[in-house]
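Asks: This is the content of target.txt (compact mmCIF, C-alpha atoms):
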```txt
# COMPACT_ATOMS: atom_id res chain seq x y z
CA MET A 1 -7.71 25.10 -13.26
CA ALA A 2 -8.67 21.92 -15.12
CA LYS A 3 -12.14 20.54 -14.50
CA THR A 4 -12.52 17.28 -12.64
CA SER A 5 -13.00 14.55 -15.25
CA VAL A 6 -15.64 11.87 -14.71
CA LEU A 7 -15.87 8.75 -16.85
CA VAL A 8 -19.45 7.47 -17.10
CA VAL A 9 -20.13 3.75 -17.57
CA GLU A 10 -23.85 3.06 -18.06
CA ASP A 11 -25.53 0.75 -20.57
CA GLU A 12 -28.92 2.48 -20.56
CA SER A 13 -28.48 5.29 -23.09
CA ILE A 14 -31.16 7.60 -21.67
CA VAL A 15 -29.78 7.28 -18.13
CA ALA A 16 -26.21 7.77 -19.42
CA LYS A 17 -27.24 10.97 -21.23
CA ASP A 18 -28.99 12.32 -18.12
CA ILE A 19 -25.91 11.63 -16.02
CA GLN A 20 -23.65 13.30 -18.58
CA ASN A 21 -25.85 16.42 -18.68
CA SER A 22 -26.02 16.58 -14.89
CA LEU A 23 -22.25 16.28 -14.56
CA LYS A 24 -21.65 19.08 -17.06
CA LYS A 25 -24.12 21.33 -15.22
CA LEU A 26 -22.22 20.62 -12.01
CA GLY A 27 -18.97 21.75 -13.64
CA TYR A 28 -17.37 18.38 -14.37
CA SER A 29 -15.94 17.25 -17.69
CA VAL A 30 -16.99 13.92 -19.21
CA PRO A 31 -14.24 12.56 -21.47
CA SER A 32 -16.23 9.46 -22.43
CA VAL A 33 -19.45 7.55 -21.89
CA GLU A 34 -19.10 3.76 -22.10
CA ASN A 35 -21.72 1.01 -22.02
CA THR A 36 -19.56 -2.09 -21.40
CA GLY A 37 -16.98 -3.19 -18.87
CA GLU A 38 -14.42 -3.74 -21.63
CA GLY A 39 -15.00 -0.21 -22.92
CA ALA A 40 -14.66 1.17 -19.40
CA ILE A 41 -11.24 -0.41 -18.91
CA GLU A 42 -9.99 0.86 -22.27
CA ALA A 43 -11.35 4.38 -21.65
CA ALA A 44 -9.85 4.46 -18.15
CA GLY A 45 -6.41 3.77 -19.60
CA GLN A 46 -6.84 6.22 -22.45
CA HIS A 47 -8.34 9.20 -20.59
CA ARG A 48 -7.13 8.59 -17.02
CA PRO A 49 -10.20 10.30 -15.50
CA ASP A 50 -10.18 11.60 -11.95
CA ILE A 51 -13.08 9.34 -11.03
CA ILE A 52 -15.47 6.82 -12.61
CA LEU A 53 -19.22 6.38 -12.22
CA MET A 54 -19.79 2.69 -12.90
CA ASP A 55 -23.12 0.88 -13.27
CA ILE A 56 -22.87 -2.43 -11.43
CA MET A 57 -25.04 -4.36 -13.89
CA LEU A 58 -23.64 -4.05 -17.42
CA LYS A 59 -24.35 -5.96 -20.59
CA GLY A 60 -21.49 -7.95 -22.05
CA GLU A 61 -18.89 -10.32 -20.66
CA LEU A 62 -17.71 -8.11 -17.82
CA SER A 63 -19.94 -6.78 -15.05
CA GLY A 64 -19.34 -3.36 -13.56
CA ILE A 65 -17.84 -5.05 -10.51
CA GLU A 66 -15.32 -7.01 -12.59
CA ALA A 67 -14.41 -3.94 -14.65
CA ALA A 68 -13.94 -1.85 -11.48
CA GLU A 69 -11.60 -4.46 -10.02
CA GLN A 70 -9.39 -4.43 -13.12
CA ILE A 71 -9.36 -0.62 -13.20
CA ARG A 72 -8.39 -0.48 -9.54
CA ASN A 73 -5.52 -2.92 -10.06
CA ARG A 74 -4.23 -1.23 -13.21
CA TYR A 75 -4.82 2.47 -12.71
CA GLN A 76 -5.85 3.11 -9.07
CA ILE A 77 -8.71 5.35 -10.25
CA PRO A 78 -11.51 5.72 -7.69
CA VAL A 79 -14.87 4.19 -8.66
CA ILE A 80 -18.38 5.01 -7.48
CA PHE A 81 -21.00 2.40 -8.26
CA LEU A 82 -24.36 3.29 -9.74
CA THR A 83 -27.01 0.70 -9.01
CA ALA A 84 -30.69 0.02 -8.80
CA TYR A 85 -29.84 -3.14 -6.86
CA ALA A 86 -29.10 -2.57 -3.20
CA ASP A 87 -29.48 -6.18 -2.08
CA GLU A 88 -26.90 -7.66 0.28
CA SER A 89 -25.55 -10.18 -2.24
CA THR A 90 -24.76 -7.51 -4.85
CA LEU A 91 -23.19 -5.17 -2.29
CA SER A 92 -21.04 -7.98 -0.88
CA LYS A 93 -19.60 -8.68 -4.32
CA ALA A 94 -19.05 -4.98 -4.96
CA LYS A 95 -17.25 -4.40 -1.65
CA VAL A 96 -14.32 -6.54 -2.77
CA THR A 97 -13.34 -3.88 -5.33
CA GLU A 98 -13.11 -1.24 -2.55
CA PRO A 99 -15.40 1.34 -4.21
CA TYR A 100 -15.49 4.94 -3.03
CA GLY A 101 -19.27 4.98 -2.75
CA TYR A 102 -22.65 3.84 -4.04
CA ILE A 103 -25.37 5.90 -5.65
CA ILE A 104 -28.78 4.25 -5.71
CA LYS A 105 -30.93 4.89 -8.79
CA PRO A 106 -32.90 7.07 -9.27
CA PHE A 107 -30.76 9.87 -7.86
CA LYS A 108 -30.59 13.66 -7.86
CA GLU A 109 -27.80 15.99 -8.98
CA ILE A 110 -26.94 16.72 -5.37
CA ASP A 111 -26.35 12.99 -4.84
CA LEU A 112 -23.86 12.96 -7.72
CA HIS A 113 -22.05 16.07 -6.54
CA THR A 114 -21.81 15.00 -2.89
CA SER A 115 -20.68 11.46 -3.68
CA ILE A 116 -18.06 12.59 -6.20
CA GLU A 117 -16.57 15.27 -3.96
CA MET A 118 -16.40 12.98 -0.93
CA ALA A 119 -14.80 10.21 -2.99
CA LEU A 120 -12.22 12.58 -4.47
CA TYR A 121 -11.36 13.92 -1.02
CA LYS A 122 -10.96 10.42 0.40
CA HIS A 123 -8.85 9.30 -2.57
CA GLY A 124 -6.66 12.39 -2.29
CA LYS A 125 -5.98 11.76 1.39
CA GLU A 126 -5.13 8.13 0.71
CA GLN A 127 -2.68 9.21 -1.99
CA GLU A 128 -1.00 11.61 0.43
CA VAL A 129 -0.60 8.85 3.02
CA ARG A 130 0.73 6.46 0.38
CA LYS A 131 3.29 9.00 -0.86
CA GLU A 132 4.44 9.77 2.67
CA ARG A 133 4.72 6.07 3.48
CA ASP A 134 6.69 5.37 0.31
CA LEU A 135 8.91 8.38 0.95
CA TYR A 136 9.80 7.31 4.45
CA SER A 137 10.18 3.65 3.57
CA SER A 138 12.89 4.69 1.09
CA ILE A 139 14.52 7.39 3.24
CA VAL A 140 14.22 6.02 6.76
CA LEU A 141 16.65 3.21 6.15
CA ASP A 142 18.75 4.97 3.54
CA LYS A 143 22.51 5.03 4.14
CA SER A 144 24.20 8.38 4.68
CA SER A 145 27.52 6.62 5.11
CA ASP A 146 28.87 3.13 5.69
CA ASP A 147 28.53 3.55 9.44
CA CYS A 148 25.04 4.94 10.01
CA LEU A 149 21.39 4.91 9.02
CA PHE A 150 18.72 7.57 9.36
CA VAL A 151 15.62 6.15 11.06
CA LYS A 152 12.24 7.85 11.38
CA SER A 153 11.25 8.49 15.00
CA ASN A 154 8.38 10.80 16.03
CA SER A 155 8.34 12.61 12.67
CA ARG A 156 12.12 13.11 12.82
CA LEU A 157 14.95 11.32 11.04
CA VAL A 158 17.37 10.16 13.71
CA LYS A 159 20.94 9.13 12.99
CA VAL A 160 21.78 5.65 14.29
CA ASN A 161 25.28 4.24 14.22
CA THR A 162 25.25 0.68 12.93
CA LYS A 163 27.81 -0.30 15.59
CA ASP A 164 25.08 0.39 18.18
CA ILE A 165 22.56 -1.96 16.56
CA TYR A 166 22.23 -5.33 18.29
CA TYR A 167 19.65 -6.97 16.09
CA VAL A 168 16.74 -6.37 13.72
CA GLU A 169 13.43 -8.16 14.25
CA ALA A 170 10.65 -8.70 11.68
CA LEU A 171 7.10 -7.75 12.62
CA LYS A 172 4.62 -8.32 9.77
CA ASP A 173 5.08 -5.36 7.37
CA TYR A 174 7.53 -3.64 9.71
CA VAL A 175 10.93 -4.24 11.26
CA ILE A 176 12.11 -3.30 14.73
CA ILE A 177 15.69 -2.05 14.99
CA HIS A 178 17.05 -2.81 18.47
CA ALA A 179 19.89 -0.40 19.21
CA LYS A 180 22.04 0.20 22.28
CA GLU A 181 19.77 2.70 24.03
CA SER A 182 16.59 2.63 21.97
CA LYS A 183 14.54 0.77 19.40
CA PHE A 184 12.79 1.95 16.24
CA THR A 185 9.85 0.49 14.31
CA VAL A 186 9.87 1.27 10.59
CA HIS A 187 7.93 0.16 7.51
CA SER A 188 10.38 -2.12 5.71
CA THR A 189 11.27 -5.74 5.02
CA MET A 190 14.12 -7.98 6.16
CA LYS A 191 15.35 -8.18 2.58
CA ASP A 192 15.51 -4.39 2.36
CA MET A 193 17.30 -4.19 5.70
CA LEU A 194 19.93 -6.67 4.56
CA SER A 195 20.59 -4.55 1.48
CA LYS A 196 21.30 -1.53 3.68
CA LEU A 197 23.41 -3.19 6.37
CA SER A 198 27.01 -4.25 5.89
CA THR A 199 27.20 -7.98 5.14
CA SER A 200 30.56 -8.13 6.88
CA GLU A 201 29.00 -6.93 10.14
CA PHE A 202 25.46 -8.29 10.05
CA LEU A 203 24.05 -11.74 9.43
CA ARG A 204 20.56 -13.14 9.07
CA VAL A 205 20.18 -16.03 11.51
CA HIS A 206 16.44 -16.60 11.31
CA ARG A 207 13.60 -15.60 9.00
CA SER A 208 12.68 -12.99 11.64
CA PHE A 209 16.11 -11.90 12.91
CA ILE A 210 19.26 -10.18 11.66
CA VAL A 211 22.10 -9.81 14.19
CA ARG A 212 25.30 -7.83 14.41
CA VAL A 213 27.91 -10.56 14.58
CA ASP A 214 30.28 -8.84 17.00
CA LYS A 215 27.42 -8.41 19.51
CA ILE A 216 27.06 -12.18 19.96
CA VAL A 217 28.48 -13.19 23.35
CA ALA A 218 27.25 -16.79 23.71
CA ILE A 219 25.35 -19.60 22.02
CA GLU A 220 22.88 -21.62 24.07
CA GLN A 221 21.70 -24.65 22.15
CA SER A 222 19.93 -23.10 19.14
CA ASN A 223 19.81 -19.56 20.51
CA LEU A 224 22.15 -16.59 20.48
CA VAL A 225 22.84 -14.42 23.52
CA MET A 226 23.48 -10.80 22.54
CA GLU A 227 25.68 -8.32 24.38
CA ASP A 228 23.75 -6.40 27.07
CA GLU A 229 20.54 -8.10 25.92
CA LYS A 230 18.41 -10.58 27.87
CA LYS A 231 16.45 -11.72 24.83
CA LEU A 232 17.59 -14.94 23.18
CA ILE A 233 17.73 -14.88 19.37
CA PRO A 234 16.70 -18.17 17.75
CA VAL A 235 18.84 -19.62 14.96
CA GLY A 236 16.91 -21.12 12.06
CA GLY A 237 18.09 -24.44 10.67
CA SER A 238 18.71 -23.09 7.16
CA TYR A 239 20.92 -20.28 8.57
CA ARG A 240 23.05 -22.40 10.94
CA ASP A 241 25.83 -23.30 8.51
CA GLU A 242 26.44 -19.69 7.52
CA LEU A 243 26.52 -18.64 11.16
CA HIS A 244 29.11 -21.31 11.97
CA SER A 245 31.24 -20.21 9.01
CA ARG A 246 31.32 -16.66 10.39
CA LEU A 247 32.32 -17.62 13.94
CA LYS A 248 35.58 -19.15 15.17
CA PHE A 249 35.20 -22.23 17.32
CA VAL A 250 37.91 -23.85 19.51
```
Could you render the structure from this file as structure tokens?
Replies:
Amino acid sequence: MAKTSVLVVEDESIVAKDIQNSLKKLGYSVPSVENTGEGAIEAAGQHRPDIILMDIMLKGELSGIEAAEQIRNRYQIPVIFLTAYADESTLSKAKVTEPYGYIIKPFKEIDLHTSIEMALYKHGKEQEVRKERDLYSSIVLDKSSDDCLFVKSNSRLVKVNTKDIYYVEALKDYVIIHAKESKFTVHSTMKDMLSKLSTSEFLRVHRSFIVRVDKIVAIEQSNLVMEDEKKLIPVGGSYRDELHSRLKFV
């Protein structure tokens, strides 16, 4: 089993050497020791360590906080800050980068080991959640045929016939699928929903609503009345012309 790799970023050479020796005694590998934020970013991309110990105050153009932010955005590698400065101002700036912990100097080997293991555990759990979310966001609304979707409901994938869907409603990072006898909330976007629903059967009538055209039973001013539904669906001004082109008026 490969050792956990820890990138060390510390501009005080004696402290950096002590950290490196402590990490090796604890059973970790140290692919590189850097003393600048620029070097940290380059080493993170080159070695892809499991975790990074980053001094907040570094010499050079980039601080440890700035380097950690770039590493998080580029590589999603967890960072633990090393600091002798525990003042509120410094911690407030550091929090923006969403670090996985802080180790206050001077520290003991047990502090290193505990902080690293807890950070790795937390990062691993977050990765599992992210993978599951991404998996379901791609599968939940995936077509199995032209007439149905599979929607996640209580850890199951339930088959829903599109002919039973009345409308789809946006809710922040989710959408609610309102069907004949039930409704489902899934992690998706309106754009993604449109790509999975038949354009000949469904139409977006508002930034927050997609309707099944043959379920429209009446139009009241700027609202749609849906079959067997009491809720009125608003029609946005920019969608009105397309709606009128899809309906026959006498």
Asks: With 10 Å as the threshold, what does the neighbourhood of (-29.1, 0.1, -21.7) contain in terms of residues, counting all atoms listed in the file? Coordinates are those of the file; answer as a ChimeraX atom specification.
Replies: /A:10-16,35-36,57-59
Asks: Please report the interatomic distance between atom CA of A:Met190 and atom CA of A:Ile176 in Å with one decimal.
Replies: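 Atom-to-atom, atom CA of A:Met190 to atom CA of A:Ile176, that is 10.0 Å.
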Asks: Hey, can you check how far atom CA of A:Ala94 sits from atom CA of A:Ile65?
Replies: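 These two atoms are separated by 5.7 Å.
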Asks: Every residue with an atom at most 12 Å from (-10.9, 2.0, -21.4) (file coordinates; all atoms listed in the file) is what I'm after, so could you write them as a count of residues only?
Replies: 30
Asks: Have a look at A:Glu61, A:Glu66, A:Asp164, A:Asp192 and name the one nearest to A:Phe81; count all atoms listed in the file.
Replies: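 With all atoms listed in the file as the atom set, the closest residue is A:Glu66.
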Asks: Name the closest residue to A:Ile56 among the candidates A:Gln127, A:Thr114, A:Thr189, A:Thr90; distances are taken between atoms, counting only C-alpha atoms.
Replies: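 Comparing A:Gln127, A:Thr114, A:Thr189, A:Thr90 against A:Ile56, the winner is A:Thr90.
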Asks: Which polymer residues have any atom within 8 Å of an atom of A:Lys215, counting all atoms listed in the file, with same-chain residues fewer than 3 positions away left out, as a list in words?
Replies: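 That gives Tyr166, Val211, Arg212, Met226 and Glu227 of chain A.
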Asks: Name the closest residue to A:Val158 among the candidates A:Val175, A:His113, A:Ser182, A:Ala2; distances are taken between atoms, counting all atoms listed in the file.
Replies: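 Nearest candidate to A:Val158 out of A:Val175, A:His113, A:Ser182, A:Ala2: A:Ser182.
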Asks: Might you pull out every residue within 9 Å of A:Asp173, with all atoms listed in the file counted and same-chain residues fewer than 4 positions away left off, and present them as a ChimeraX atom specification?
Replies: /A:186-189
Asks: As an exercise, work out the distance from atom CA of A:Lys191 to atom CA of A:Tyr239 in Å and give it to one decimal place.
Replies: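 The value is 14.6 Å.
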Asks: Neighbouring residues of A:Val213 were defined as those with any atom within 10 Å, considering all atoms listed in the file; residues of the same chain fewer than 6 positions away were excluded. Please report them as a PyMOL selection string.
Replies: chain A and resi 166-167+199-205+226+243+246-247
Asks: Would you list the contacts of A:Ser22 as a PDB file with C-alpha atoms, in the frame of the given file, taking every protein, DNA or RNA residue within 12 Å and counting only C-alpha atoms, but skipping same-chain residues closer than 6 positions in sequence?
Replies:
```pdb
ATOM      1  CA  VAL A   6     -15.640  11.870 -14.710  1.00  0.00           C
ATOM      2  CA  VAL A   8     -19.450   7.470 -17.100  1.00  0.00           C
ATOM      3  CA  VAL A  15     -29.780   7.280 -18.130  1.00  0.00           C
ATOM      4  CA  ALA A  16     -26.210   7.770 -19.420  1.00  0.00           C
ATOM      5  CA  TYR A  28     -17.370  18.380 -14.370  1.00  0.00           C
ATOM      6  CA  SER A  29     -15.940  17.250 -17.690  1.00  0.00           C
ATOM      7  CA  VAL A  30     -16.990  13.920 -19.210  1.00  0.00           C
ATOM      8  CA  PHE A 107     -30.760   9.870  -7.860  1.00  0.00           C
ATOM      9  CA  LYS A 108     -30.590  13.660  -7.860  1.00  0.00           C
ATOM     10  CA  GLU A 109     -27.800  15.990  -8.980  1.00  0.00           C
ATOM     11  CA  ILE A 110     -26.940  16.720  -5.370  1.00  0.00           C
ATOM     12  CA  ASP A 111     -26.350  12.990  -4.840  1.00  0.00           C
ATOM     13  CA  LEU A 112     -23.860  12.960  -7.720  1.00  0.00           C
ATOM     14  CA  HIS A 113     -22.050  16.070  -6.540  1.00  0.00           C
TER      15      HIS A 113
END
```
Asks: Tell me which of A:Lys159, A:Lys180, A:Lys105, A:His123 sits closest to A:Asp228, counting all atoms listed in the file.
Replies: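 Looking only at the distances to A:Asp228, the closest residue turns out to be A:Lys180.
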Asks: Between A:Thr97, A:Thr185, A:Tyr121, A:Val151, which has the minimum distance to A:Asn73 (counting only C-alpha atoms)?
Replies: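 Nearest to A:Asn73: A:Thr97.
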